[in-house]
Amino acid sequence: MTEAVLLDDFQRADGLSAMGTRWEGLSDRVMGGRSDMEVGYRESDAGPVLFLRGQVRLENRGGFIQARLALDPAGGSIDASAWEGLWITVRGTPGPYYLHLRTRQTWQPWQHYRAPIEVSAAWHRQFVPFTAFEGRATGRRLDVRALKSVGVVAYGEAFEPDIEVARLDLGNRETPPGD
């Protein structure tokens, strides 16, 4: 089995991920929505974490806030076919949260693949298989040989998300990172 690959554990003092890229915040305001967001790093009882918080609003065809990480510093894509999915360590206020993947085939801003993640007040490590991702605004199947980015997204209903991510890895179900 291929060992897990760390995407980010938020340990670098320079603000770069383990992939050498930076997290960026995006919201529905890019298309006229009215959601508010804040994304950044903070210290927690689990050490440094990425946080995403704000208010998801549905007015003006809105409904999301997102923290997104490019996977290739050169702006290309990576081949993730050696792994079965993603491991994420997360906690936050309950609500509809997702992981979003973008590939070389999702060039329109509204195209992506998404899978729900469970979020509760306690830290929780979970595996999200690539087979759980469904295409949105694309008829293509997810091609993990061409992953461009991964996003942590609060989406789909009006609420006040506040989510922290302590770690994100590419990996296999039977071999969790650190085990």
# chains A, B, ... in the order shown; residues from 1 in each chain; ligands from 1
call {"tool": "residues_around", "arguments": {"residues": "Gln111 of chain A", "least_positions_apart": "4", "cutoff": "7 Å", "atoms": "only C-alpha atoms", "output": "VMD selection string"}}
result
chain A and resid 106 to 107 136 to 138
call {"tool": "write_last_selection", "arguments": {"atoms": "all heavy atoms", "output": "JSON list (two decimals), in the first residue's frame"}}
result
[["chain", "number", "residue", "atom", "x", "y", "z"],
["A", 106, "THR", "N", -12.25, 20.66, -14.77],
["A", 106, "THR", "CA", -13.24, 21.57, -14.18],
["A", 106, "THR", "C", -12.71, 23.00, -14.29],
["A", 106, "THR", "O", -12.23, 23.56, -13.32],
["A", 106, "THR", "CB", -13.55, 21.21, -12.72],
["A", 106, "THR", "OG1", -12.32, 21.15, -11.98],
["A", 106, "THR", "CG2", -14.26, 19.88, -12.60],
["A", 107, "TRP", "N", -12.81, 23.57, -15.46],
["A", 107, "TRP", "CA", -12.25, 24.90, -15.69],
["A", 107, "TRP", "C", -13.25, 26.02, -15.41],
["A", 107, "TRP", "O", -12.86, 27.15, -15.20],
["A", 107, "TRP", "CB", -11.68, 25.02, -17.10],
["A", 107, "TRP", "CG", -12.66, 24.66, -18.17],
["A", 107, "TRP", "CD1", -13.58, 25.49, -18.75],
["A", 107, "TRP", "CD2", -12.84, 23.40, -18.78],
["A", 107, "TRP", "NE1", -14.32, 24.80, -19.67],
["A", 107, "TRP", "CE2", -13.89, 23.51, -19.72],
["A", 107, "TRP", "CE3", -12.23, 22.15, -18.62],
["A", 107, "TRP", "CZ2", -14.33, 22.44, -20.49],
["A", 107, "TRP", "CZ3", -12.67, 21.11, -19.41],
["A", 107, "TRP", "CH2", -13.70, 21.26, -20.32],
["A", 136, "ARG", "N", -20.52, 18.15, -9.92],
["A", 136, "ARG", "CA", -21.49, 19.23, -9.93],
["A", 136, "ARG", "C", -21.19, 20.09, -11.17],
["A", 136, "ARG", "O", -20.07, 20.56, -11.34],
["A", 136, "ARG", "CB", -21.38, 20.09, -8.67],
["A", 136, "ARG", "CG", -21.50, 19.30, -7.38],
["A", 136, "ARG", "CD", -22.82, 18.64, -7.20],
["A", 136, "ARG", "NE", -23.81, 19.67, -6.97],
["A", 136, "ARG", "CZ", -25.09, 19.45, -6.81],
["A", 136, "ARG", "NH1", -25.56, 18.23, -6.87],
["A", 136, "ARG", "NH2", -25.92, 20.43, -6.58],
["A", 137, "ALA", "N", -22.20, 20.25, -12.02],
["A", 137, "ALA", "CA", -22.10, 21.05, -13.25],
["A", 137, "ALA", "C", -21.08, 20.46, -14.22],
["A", 137, "ALA", "O", -20.47, 21.17, -15.00],
["A", 137, "ALA", "CB", -21.79, 22.51, -12.93],
["A", 138, "THR", "N", -20.87, 19.16, -14.12],
["A", 138, "THR", "CA", -20.00, 18.47, -15.06],
["A", 138, "THR", "C", -20.54, 17.06, -15.27],
["A", 138, "THR", "O", -21.01, 16.43, -14.33],
["A", 138, "THR", "CB", -18.54, 18.40, -14.56],
["A", 138, "THR", "OG1", -17.76, 17.68, -15.51],
["A", 138, "THR", "CG2", -18.40, 17.73, -13.21]]
call {"tool": "closest_atom_pairs", "arguments": {"of": "segment 127-177 of chain A", "to": "segment 37-48 of chain A", "cutoff": "12 Å", "atoms": "only C-alpha atoms", "output": "CSV"}}
result
residue,atom,partner,partner_atom,distance
A:Val152,CA,A:Val39,CA,10.7
A:Val153,CA,A:Met37,CA,11.0
A:Ala154,CA,A:Met37,CA,10.0
A:Phe159,CA,A:Met37,CA,11.8
A:Glu160,CA,A:Met37,CA,9.5
A:Pro161,CA,A:Met37,CA,9.0
A:Asp162,CA,A:Glu38,CA,9.4
A:Ile163,CA,A:Val39,CA,9.7
A:Glu164,CA,A:Ser44,CA,8.9
A:Val165,CA,A:Pro48,CA,9.0
A:Ala166,CA,A:Ala46,CA,6.9
A:Arg167,CA,A:Pro48,CA,9.6
call {"tool": "residues_around", "arguments": {"residues": "Phe10 of chain A", "least_positions_apart": "4", "cutoff": "7 Å", "atoms": "only C-alpha atoms", "output": "list in words"}}
result
Ser17, Pro48, Val49 and Leu50 of chain A
call {"tool": "write_last_selection", "arguments": {"atoms": "C-alpha atoms", "output": "PDB file, in the first residue's frame"}}
result
ATOM      1  CA  SER A  17       1.040  24.075   3.073  1.00  0.00           C
ATOM      2  CA  PRO A  48      -2.114  25.273  14.701  1.00  0.00           C
ATOM      3  CA  VAL A  49      -5.249  24.842  12.580  1.00  0.00           C
ATOM      4  CA  LEU A  50      -6.908  26.287   9.512  1.00  0.00           C
TER       5      LEU A  50
END
call {"tool": "select_by_dssp", "arguments": {"residues": "segment 46-176 of chain A", "states": "strand (DSSP E or B)", "output": "JSON, numbers by chain"}}
result
{"A": [47, 48, 49, 50, 51, 52, 53, 54, 55, 56, 64, 65, 66, 67, 68, 69, 70, 78, 85, 86, 87, 88, 89, 90, 91, 92, 97, 98, 99, 100, 101, 102, 103, 112, 113, 114, 115, 116, 117, 124, 125, 126, 127, 128, 129, 134, 135, 136, 147, 148, 149, 150, 151, 152, 153, 154, 155, 159, 162, 163, 164, 165, 166, 167, 168, 169, 170, 171, 172, 175]}
call {"tool": "closest_residue", "arguments": {"among": "A:Asp79, A:Asp28, A:Asp169, A:Asp9", "to": "Val128 of chain A", "atoms": "only C-alpha atoms"}}
result
A:Asp169
